[in-house]
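Colleague: Contents of coords.txt (compact mmCIF, C-alpha atoms) are given next:
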```
# COMPACT_ATOMS: atom_id res chain seq x y z
CA GLY A 1 23.84 6.07 26.88
CA ARG A 2 22.78 9.65 26.41
CA PRO A 3 20.54 10.57 23.50
CA THR A 4 22.27 12.31 20.60
CA ILE A 5 21.05 14.35 17.64
CA GLY A 6 21.60 12.47 14.40
CA SER A 7 20.71 15.34 12.07
CA ILE A 8 18.73 18.56 11.82
CA VAL A 9 16.78 18.96 8.60
CA PRO A 10 14.43 21.94 8.07
CA ALA A 11 10.99 21.20 6.59
CA GLY A 12 8.17 23.45 5.41
CA GLU A 13 4.83 23.85 3.66
CA ILE A 14 3.26 26.50 1.46
CA PHE A 15 -0.56 26.58 1.45
CA VAL A 16 -2.86 28.88 -0.54
CA GLU A 17 -6.66 28.88 -0.69
CA HIS A 18 -9.50 30.76 -2.36
CA LYS A 19 -12.84 30.13 -0.61
CA ASN A 20 -15.19 31.60 -3.21
CA VAL A 21 -13.83 31.02 -6.68
CA ASP A 22 -17.08 31.34 -8.64
CA GLY A 23 -19.09 33.54 -6.30
CA GLU A 24 -21.23 30.54 -5.30
CA GLY A 25 -19.10 28.98 -2.58
CA ALA A 26 -16.70 26.88 -4.64
CA SER A 27 -13.21 26.73 -3.15
CA ALA A 28 -9.76 25.95 -4.54
CA SER A 29 -6.60 25.24 -2.60
CA GLY A 30 -3.04 24.17 -3.20
CA SER A 31 -0.19 23.04 -1.00
CA LEU A 32 3.50 22.38 -1.56
CA THR A 33 5.46 20.48 1.08
CA SER A 34 9.03 19.35 1.59
CA SER A 35 10.61 17.53 4.50
CA ASP A 36 14.08 18.63 3.39
CA LEU A 37 14.37 22.31 2.49
CA LEU A 38 18.13 21.91 2.00
CA VAL A 39 17.43 19.79 -1.11
CA PRO A 40 13.69 20.28 -1.71
CA THR A 41 13.67 18.65 -5.16
CA ASN A 42 14.54 15.29 -3.54
CA ASP A 43 11.45 15.22 -1.37
CA ILE A 44 8.62 17.44 -2.53
CA GLY A 45 4.89 16.83 -2.55
CA PHE A 46 1.87 18.77 -3.73
CA LYS A 47 -1.90 18.70 -3.59
CA VAL A 48 -4.35 20.82 -5.59
CA GLU A 49 -8.06 20.57 -4.72
CA TYR A 50 -11.30 22.04 -6.03
CA LYS A 51 -14.56 21.72 -4.08
CA LYS A 52 -18.04 22.68 -5.29
CA PRO A 53 -20.74 22.53 -2.55
CA TYR A 54 -24.39 21.64 -3.10
CA ILE A 55 -23.71 20.07 -6.48
CA PHE A 56 -27.33 18.79 -6.60
CA GLY A 57 -28.87 22.03 -5.38
CA LEU A 58 -29.61 23.69 -2.06
CA GLN A 59 -32.51 21.32 -1.36
CA ASP A 60 -30.23 18.27 -1.27
CA GLU A 61 -30.57 16.72 2.20
CA ASN A 62 -27.14 15.09 1.98
CA LYS A 63 -25.41 18.36 1.03
CA ALA A 64 -23.36 16.62 -1.67
CA SER A 65 -20.17 18.36 -2.76
CA LEU A 66 -18.05 17.66 -5.83
CA VAL A 67 -14.39 17.27 -4.89
CA ALA A 68 -11.58 16.99 -7.44
CA SER A 69 -7.89 16.83 -6.60
CA ALA A 70 -4.45 16.13 -7.99
CA PHE A 71 -1.66 14.93 -5.73
CA ASN A 72 1.92 13.79 -5.38
CA THR A 73 3.15 12.13 -2.16
CA ARG A 74 6.35 10.41 -1.14
CA LYS A 75 6.56 8.21 1.97
CA GLN A 76 8.94 5.66 3.39
CA SER A 77 7.43 2.18 3.09
CA VAL A 78 6.98 0.20 6.31
CA VAL A 79 6.65 -2.99 4.27
CA PHE A 80 10.40 -3.26 3.67
CA SER A 81 11.66 -2.74 7.21
CA GLY A 82 13.02 -4.99 9.92
CA ALA A 83 11.09 -5.96 13.03
CA GLY A 84 11.53 -3.40 15.78
CA GLY A 85 14.29 -1.64 13.88
CA GLU A 86 16.70 -4.41 14.86
CA ASP A 87 17.59 -5.25 11.27
CA GLU A 88 18.59 -2.11 9.41
CA VAL A 89 17.73 -2.58 5.74
CA PRO A 90 17.89 -0.15 2.81
CA VAL A 91 14.91 2.20 2.72
CA VAL A 92 12.25 1.91 0.00
CA TRP A 93 10.26 5.06 -0.83
CA ILE A 94 6.76 4.91 -2.34
CA THR A 95 5.74 7.83 -4.57
CA ARG A 96 2.11 8.28 -5.60
CA THR A 97 1.08 10.71 -8.32
CA GLY A 98 -2.47 10.95 -9.54
CA ALA A 99 -5.92 12.47 -9.43
CA ARG A 100 -9.22 11.81 -7.68
CA ILE A 101 -12.76 12.94 -8.38
CA GLY A 102 -15.78 12.15 -6.25
CA LEU A 103 -18.68 13.19 -4.06
CA HIS A 104 -18.67 14.07 -0.38
CA GLU A 105 -21.97 13.80 1.52
CA THR A 106 -22.89 14.92 5.03
CA TYR A 107 -25.66 13.01 6.80
CA SER A 108 -25.43 14.54 10.27
CA ARG A 109 -23.00 16.54 12.38
CA ASN A 110 -20.36 13.78 12.32
CA SER A 111 -21.66 11.14 9.89
CA LYS A 112 -20.29 11.39 6.35
CA GLY A 113 -19.84 9.49 3.11
CA ASN A 114 -17.34 9.69 0.26
CA TYR A 115 -17.52 8.11 -3.21
CA GLY A 116 -14.84 8.58 -5.83
CA PHE A 117 -12.61 7.34 -8.62
CA VAL A 118 -8.82 7.41 -8.27
CA LEU A 119 -6.23 7.14 -11.02
CA GLN A 120 -2.63 7.00 -9.84
CA GLN A 121 0.89 6.00 -10.70
CA VAL A 122 2.82 4.34 -7.89
CA GLN A 123 6.61 4.07 -8.05
CA SER A 124 9.15 2.59 -5.64
CA HIS A 125 12.57 4.20 -5.26
CA ASP A 126 15.73 3.43 -3.37
CA GLU A 127 17.70 5.95 -1.29
CA ASN A 128 19.35 7.31 -4.45
CA GLY A 129 16.06 7.94 -6.24
CA ALA A 130 16.41 5.06 -8.71
CA LEU A 131 13.49 2.73 -9.42
CA CYS A 132 13.57 -0.25 -7.09
CA THR A 133 11.92 -3.56 -8.03
CA VAL A 134 12.53 -5.62 -4.87
CA GLY A 135 13.28 -5.01 -1.23
CA SER A 136 16.56 -5.98 0.42
CA ARG A 137 17.08 -8.24 3.39
CA LYS A 138 19.97 -8.64 5.79
CA LEU A 139 21.98 -11.86 5.69
CA PRO A 140 23.56 -13.52 8.76
CA ASN A 141 27.01 -12.28 7.69
CA GLY A 142 25.83 -8.65 7.85
CA THR A 143 25.59 -8.06 4.10
CA PHE A 144 22.40 -7.31 2.17
CA ALA A 145 20.74 -9.36 -0.54
CA ALA A 146 18.43 -7.68 -3.06
CA ASP A 147 16.05 -10.64 -3.23
CA GLY A 148 13.27 -9.49 -0.94
CA PRO A 149 9.57 -9.02 -1.69
CA PRO A 150 8.60 -7.27 -4.94
CA THR A 151 7.87 -3.57 -4.50
CA THR A 152 5.17 -3.36 -7.18
CA LEU A 153 2.56 -5.57 -8.78
CA SER A 154 4.15 -5.32 -12.23
CA GLY A 155 7.66 -6.12 -10.97
CA THR A 156 9.09 -3.07 -12.77
CA GLY A 157 9.09 -0.63 -9.86
CA SER A 158 6.20 1.33 -11.36
CA ASP A 159 2.45 0.61 -11.38
CA THR A 160 -0.54 2.46 -12.81
CA MET A 161 -4.02 1.70 -11.53
CA GLY A 162 -7.54 3.07 -11.47
CA PHE A 163 -10.03 2.08 -8.77
CA LEU A 164 -13.22 3.12 -7.03
CA GLN A 165 -13.04 4.41 -3.46
CA PHE A 166 -15.84 4.45 -0.91
CA SER A 167 -16.01 5.37 2.76
CA LEU A 168 -18.90 5.69 5.19
CA ILE A 169 -18.68 7.08 8.71
CA ARG A 170 -21.54 6.64 11.18
CA ASP A 171 -20.67 8.78 14.17
CA THR A 172 -23.09 9.52 17.01
CA THR A 173 -20.47 10.74 19.48
CA HIS A 174 -20.80 13.94 21.46
CA PHE A 175 -18.62 15.46 24.13
CA GLN A 176 -19.49 15.13 27.78
CA GLY A 177 -17.10 16.58 30.33
CA GLY A 178 -14.42 16.90 27.64
CA SER A 179 -14.64 13.22 26.56
CA PRO A 180 -16.51 11.68 23.59
CA VAL A 181 -19.55 9.53 24.38
CA GLY A 182 -21.42 7.38 21.87
CA ALA A 183 -20.59 5.15 18.91
CA ARG A 184 -18.42 5.44 15.82
CA ASP A 185 -18.42 2.95 12.91
CA ILE A 186 -16.24 3.32 9.80
CA LEU A 187 -16.36 1.33 6.55
CA GLN A 188 -13.72 1.87 3.86
CA VAL A 189 -13.61 0.06 0.50
CA ASP A 190 -11.23 0.24 -2.48
CA GLN A 191 -12.49 -1.64 -5.53
CA GLY A 192 -10.09 -2.38 -8.37
CA LEU A 193 -11.55 -2.29 -11.86
CA GLY A 194 -8.87 -4.10 -13.85
CA LEU A 195 -7.46 -0.77 -15.06
CA GLY A 196 -3.69 -0.37 -15.14
CA SER A 197 -0.55 -2.47 -14.82
CA CYS A 198 -1.31 -6.22 -14.83
CA LEU A 199 -5.04 -5.38 -14.95
CA PRO A 200 -5.45 -5.31 -11.16
CA PHE A 201 -8.85 -6.45 -9.91
CA PHE A 202 -9.22 -6.46 -6.14
CA ASN A 203 -11.39 -5.56 -3.18
CA ARG A 204 -9.72 -4.01 -0.14
CA SER A 205 -12.06 -3.40 2.81
CA THR A 206 -11.73 -2.17 6.38
CA LEU A 207 -14.46 -2.11 9.03
CA SER A 208 -13.96 -0.62 12.48
CA ALA A 209 -16.32 -0.07 15.40
CA THR A 210 -15.69 1.93 18.58
CA ARG A 211 -17.91 2.48 21.59
CA PHE A 212 -17.38 5.23 24.19
CA ILE A 213 -19.30 4.17 27.29
CA PRO A 214 -19.61 6.46 30.33
CA VAL A 215 -19.57 4.72 33.72
CA PRO A 216 -21.19 6.95 36.38
CA TYR A 217 -20.43 5.64 39.86
CA GLY A 218 -19.52 6.96 43.31
CA PRO A 219 -18.57 10.65 43.21
CA PHE A 220 -19.10 10.66 39.42
CA LYS A 221 -22.67 9.34 39.54
CA ASP A 222 -24.32 12.72 39.16
CA ALA A 223 -21.66 14.31 36.92
CA GLY A 224 -23.25 16.37 34.20
CA GLN A 225 -22.12 17.79 30.88
CA SER A 226 -19.43 19.95 32.47
CA LYS A 227 -17.75 17.19 34.50
CA GLY A 228 -15.97 14.13 33.25
CA GLN A 229 -16.98 10.57 34.14
CA PRO A 230 -15.04 7.31 34.12
CA GLN A 231 -15.24 5.80 30.68
CA ILE A 232 -14.81 2.41 29.03
CA ILE A 233 -13.74 2.40 25.38
CA LEU A 234 -14.18 -0.77 23.34
CA SER A 235 -12.85 -0.98 19.80
CA GLY A 236 -12.53 -3.61 17.09
CA LYS A 237 -11.20 -3.59 13.54
CA TYR A 238 -11.29 -6.14 10.73
CA ALA A 239 -9.62 -5.71 7.36
CA ASN A 240 -9.43 -8.01 4.33
CA CYS A 241 -8.27 -7.95 0.74
CA ILE A 242 -9.00 -10.33 -2.12
CA GLY A 243 -7.60 -10.26 -5.63
CA ASP A 244 -4.46 -8.60 -7.01
CA LEU A 245 -2.73 -6.93 -4.06
CA PRO A 246 0.51 -4.94 -4.49
CA THR A 247 2.75 -5.08 -1.43
CA TYR A 248 2.40 -1.32 -0.89
CA GLU A 249 -1.37 -1.76 -0.41
CA ALA A 250 -1.07 -4.59 2.15
CA PHE A 251 -2.21 -3.89 5.72
CA ALA A 252 0.43 -2.92 8.28
CA LEU A 253 -0.02 -4.48 11.72
CA GLY A 254 1.30 -2.49 14.69
CA GLY A 255 1.59 1.19 15.51
CA PRO A 256 0.03 3.89 17.71
CA HIS A 257 -3.37 3.40 16.03
CA SER A 258 -3.09 -0.39 15.89
CA VAL A 259 -1.18 -2.18 18.69
CA ARG A 260 0.54 0.70 20.40
CA ALA A 261 3.63 -0.94 21.97
CA TYR A 262 4.99 -1.60 18.47
CA GLY A 263 6.07 0.51 15.52
CA VAL A 264 3.97 0.85 12.38
CA GLY A 265 4.16 -2.45 10.52
CA GLU A 266 6.46 -3.98 13.13
CA LEU A 267 4.20 -6.98 13.73
CA GLY A 268 3.42 -7.87 10.13
CA ILE A 269 2.36 -7.03 6.58
CA CYS A 270 -0.79 -8.93 5.71
CA ARG A 271 -3.90 -9.39 3.58
CA SER A 272 -6.22 -9.69 6.58
CA LEU A 273 -6.06 -8.52 10.15
CA LEU A 274 -8.09 -8.45 13.32
CA GLU A 275 -7.51 -5.95 16.11
CA TYR A 276 -9.38 -5.38 19.35
CA ALA A 277 -8.76 -3.02 22.23
CA ALA A 278 -10.19 -1.88 25.54
CA GLU A 279 -9.35 1.25 27.51
CA VAL A 280 -10.58 2.55 30.87
CA ARG A 281 -10.29 6.28 31.57
CA ILE A 282 -10.67 7.93 34.97
CA PRO A 283 -10.82 11.73 35.25
CA VAL A 284 -8.43 13.45 37.66
CA LYS A 285 -9.26 17.15 38.00
CA SER A 286 -8.93 18.54 34.46
CA ARG A 287 -6.86 15.56 33.21
CA TYR A 288 -7.36 11.82 33.13
CA VAL A 289 -5.43 8.60 33.62
CA TYR A 290 -6.12 5.37 31.78
CA GLY A 291 -5.25 1.72 31.40
CA PHE A 292 -5.46 -0.26 28.17
CA TYR A 293 -5.21 -3.69 26.56
CA GLU A 294 -4.77 -4.36 22.81
CA HIS A 295 -4.20 -7.34 20.57
CA GLY A 296 -3.64 -7.67 16.83
CA THR A 297 -3.21 -10.66 14.52
CA ASP A 298 -2.68 -11.18 10.80
CA LEU A 299 -5.01 -14.24 10.88
CA GLY A 300 -2.29 -16.22 9.09
CA SER A 301 -2.65 -14.08 5.95
CA SER A 302 0.92 -12.72 5.81
CA LYS A 303 2.06 -15.70 3.72
CA GLU A 304 -0.42 -14.67 1.03
CA VAL A 305 1.32 -11.32 0.41
CA LYS A 306 3.78 -11.55 -2.48
CA GLY A 307 7.26 -12.26 -1.16
CA ASN A 308 5.89 -12.64 2.41
CA PRO A 309 7.48 -9.51 3.96
CA THR A 310 6.47 -10.71 7.45
CA GLU A 311 8.63 -13.82 7.16
CA CYS A 312 11.37 -12.10 5.15
CA TYR A 313 11.91 -9.45 7.82
CA ARG A 314 11.28 -11.84 10.75
CA LYS A 315 8.11 -10.25 12.06
CA SER A 316 5.89 -12.14 14.45
CA GLY A 317 2.48 -11.77 12.75
CA SER A 318 0.69 -10.92 16.00
CA GLY A 319 1.20 -9.02 19.22
CA THR A 320 -0.38 -8.01 22.50
CA THR A 321 0.17 -4.96 24.69
CA TYR A 322 -1.17 -3.53 27.92
CA GLY A 323 -0.21 -0.51 29.93
CA VAL A 324 -1.17 2.76 31.56
CA GLY A 325 -1.06 6.40 30.60
CA ALA A 326 -1.97 9.95 31.50
CA GLY A 327 -3.57 12.61 29.32
CA LEU A 328 -1.69 15.89 29.69
CA GLY A 329 -3.54 18.21 27.35
CA ILE A 330 -2.64 17.43 23.74
CA VAL A 331 0.22 15.19 24.92
CA LYS A 332 -0.12 11.71 26.41
CA LEU A 333 2.47 9.93 28.50
CA GLU A 334 2.22 6.15 28.15
CA TYR A 335 3.92 3.03 29.45
CA ALA A 336 3.20 0.04 27.19
CA MET A 337 4.33 -3.55 27.62
CA ASP A 338 5.56 -5.43 24.54
CA CYS A 339 4.30 -8.94 25.32
CA ASN A 340 6.38 -10.50 22.52
CA SER A 341 9.67 -9.45 24.14
CA ASN A 342 8.35 -8.90 27.70
CA LYS A 343 9.80 -5.39 27.69
CA GLY A 344 8.09 -2.13 28.62
CA HIS A 345 8.47 1.16 26.74
CA VAL A 346 7.63 4.78 27.53
CA PHE A 347 6.02 6.89 24.80
CA PHE A 348 4.94 10.48 24.34
CA ARG A 349 1.88 10.57 22.06
CA PHE A 350 0.06 13.37 20.31
CA GLY A 351 -3.62 13.10 19.43
CA GLU A 352 -6.16 10.39 20.21
CA ARG A 353 -5.87 6.62 19.76
CA PHE A 354 -9.61 6.27 19.11
```
Give the structure from this file in structure tokens form.
Modeller:
Amino acid sequence: GRPTIGSIVPAGEIFVEHKNVDGEGASASGSLTSSDLLVPTNDIGFKVEYKKPYIFGLQDENKASLVASAFNTRKQSVVFSGAGGEDEVPVVWITRTGARIGLHETYSRNSKGNYGFVLQQVQSHDENGALCTVGSRKLPNGTFAADGPPTTLSGTGSDTMGFLQFSLIRDTTHFQGGSPVGARDILQVDQGLGLGSCLPFFNRSTLSATRFIPVPYGPFKDAGQSKGQPQIILSGKYANCIGDLPTYEAFALGGPHSVRAYGVGELGICRSLLEYAAEVRIPVKSRYVYGFYEHGTDLGSSKEVKGNPTECYRKSGSGTTYGVGAGLGIVKLEYAMDCNSNKGHVFFRFGERF
């Protein structure tokens, strides 16, 4: 059938910034966002941030900055959703309100590190804004049963937790002919300290590695900095969590930055995952075309998430895709094969996969 417009809802953001609060380079900013300006109080978020550069002096080689922020966000949870949108289930919203303080260091042009402490309250709400303690699942007769996975660690619909946060980016990429060349490695760690509801103690880690490899051959053999070359991109990602894991902190398998033929979280909700991908790009005038292959698996860890959302919502736990695409400026046109259903899909993407 023909596509139809389900609804039109205006959204907006207000952003203010002062770039020299104390006369020594400190900056302060604030933003207020709403995805529904018709009823902004139902869906409003804010972030206030203060940044003080060179906190250890101008001679600091790592250029450490003190960053403090307060935030409130509200997002629809992908944990409590059916596979591929086939099973419509009631939406669960996750609201996070809290503060973060930490250091930001710069080691080179692209390599950075962040160290901080986060204290936040996390609440789960249903479509009416009431606290929600469990997800709902669809029964064979078409009705819904509110006996799905728990939405919070405490089981009350509201958690409070404090944890350490660390990230390290090693990035040696540079642009050659409009495409990145080099290596990028990212390590992210959240370490629970036993602070908050149910005294959560956990370690949640993600490690990813990507290589951008130019392949000069034929007419591209002598291409210099101004001309693009064929390129092979290899990427791998491993994530794991041990300890007390709320469902809203579990890893979502599937999505445009995971296994791109599937929606975010469509393949599974898990404690561990492994993803690997390969892409070949060939320049065509000022654009490029590419082919790709990707696979992701939960390594059998979905059953270790409380309530097993993967099984509850009949997700597969793994998936493979391959396809082709064309870069058209900031927009990409892709055809991706869903190997679980043996169906192909066409997507318009914005931004980069890697």
Colleague: Ranking A:Leu153, A:Leu333, A:Met161, A:Cys270 by minimum distance to Gly98 in chain A and counting only C-alpha atoms, which one comes first?
Modeller: A:Met161
Colleague: Hey, what's within 6 Å of range 65-82 of chain A if we count only C-alpha atoms and toss same-chain stuff fewer than 2 positions away? As a list in words, please?
Modeller: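 Listed by chain and then number, they are Gly45, Phe46, Lys47, Val48, Glu49, Tyr50, Lys51, Lys52, Pro53, Tyr54, Ile55, Gly85, Asp87, Val92, Trp93, Ile94, Thr95, Arg96, Thr97, Gly98, Ala99, Arg100, Ile101, Gly102, Leu103, His104, Gly135, Gly265 and Tyr313 of chain A.
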Colleague: Can you measure CA of Lys138 in chain A to CA of Ser318 in chain A for me? One decimal in Å is fine.
Modeller: 21.9 Å
Colleague: Pick the closest to Gly268 in chain A from A:Asp190, A:Asp244, A:Asp298, A:Glu105: which is it, counting only C-alpha atoms?
Modeller: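 Residue with the minimum atom-to-atom distance to Gly268 in chain A: A:Asp298.
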Colleague: Counting all atoms listed in the file, figure out which residue out of A:Arg271, A:Arg260, A:Arg137, A:Lys332 gets nearest to Lys306 in chain A.
Modeller: A:Arg271
Colleague: Excluding range 247-253 of chain A and residues on its chain fewer than 3 positions from it, collect all residues at most 10 Å away from it, counting all atoms listed in the file, and give them as number ranges by chain.
Modeller: A: 77-80, 94, 122-124, 149-153, 204, 206, 239-241, 244, 257-259, 262-275, 296-298, 302, 305-310, 315, 317-319
Colleague: Which is closest to Glu13 in chain A among A:Ala146, A:Ser341, A:Leu37, A:Gly162, if we use all atoms listed in the file?
Modeller: A:Leu37
Colleague: Considering all atoms listed in the file, state which residue in the set A:Glu334, A:Glu352, A:Glu311, A:Asp22 is at the smallest distance from Val289 in chain A.
Modeller: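 The closest residue to Val289 in chain A is A:Glu334.
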Colleague: Using Å and a single decimal, report how far CA of Leu245 in chain A sits from CA of Gly155 in chain A.
Modeller: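 Taking CA of Gly155 in chain A and CA of Leu245 in chain A, their separation equals 12.5 Å.
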Colleague: Please indicate the distance in Å from CA of Arg281 in chain A to CA of Gly254 in chain A, rounded to one decimal place.
Modeller: 22.3 Å
Colleague: Find the residue from A:Gln229, A:Ser29, A:Gln165, A:Asn141 that sits nearest to Leu193 in chain A; use all atoms listed in the file when measuring.
Modeller: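 The closest residue to Leu193 in chain A is A:Gln165.
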Colleague: Which residues are near range 231-233 of chain A? Cut-off 10 Å, all atoms listed in the file, ignore same chain within fewer than 3 positions. Put them as a ChimeraX atom specification.
Modeller: /A:179-183,210-216,228,277-283,290-292,354
Colleague: Could you give me, as JSON, numbers by chain, the residues within 7 Å of range 197-199 of chain A, counting all atoms listed in the file and dropping anything in the same chain fewer than 5 positions from it?
Modeller: {"A": [154, 159, 160, 161]}
Colleague: Can you write out the residues you just picked, keeping C-alpha atoms, as an mmCIF file, in the frame of the given file?
Modeller:
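Result went into again-v4.cif, see below:
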```
data_model
loop_
_atom_site.group_PDB
_atom_site.id
_atom_site.type_symbol
_atom_site.label_atom_id
_atom_site.label_comp_id
_atom_site.auth_asym_id
_atom_site.auth_seq_id
_atom_site.Cartn_x
_atom_site.Cartn_y
_atom_site.Cartn_z
ATOM 1 C CA SER A 154 4.150 -5.320 -12.230
ATOM 2 C CA ASP A 159 2.450 0.610 -11.380
ATOM 3 C CA THR A 160 -0.540 2.460 -12.810
ATOM 4 C CA MET A 161 -4.020 1.700 -11.530
#
```
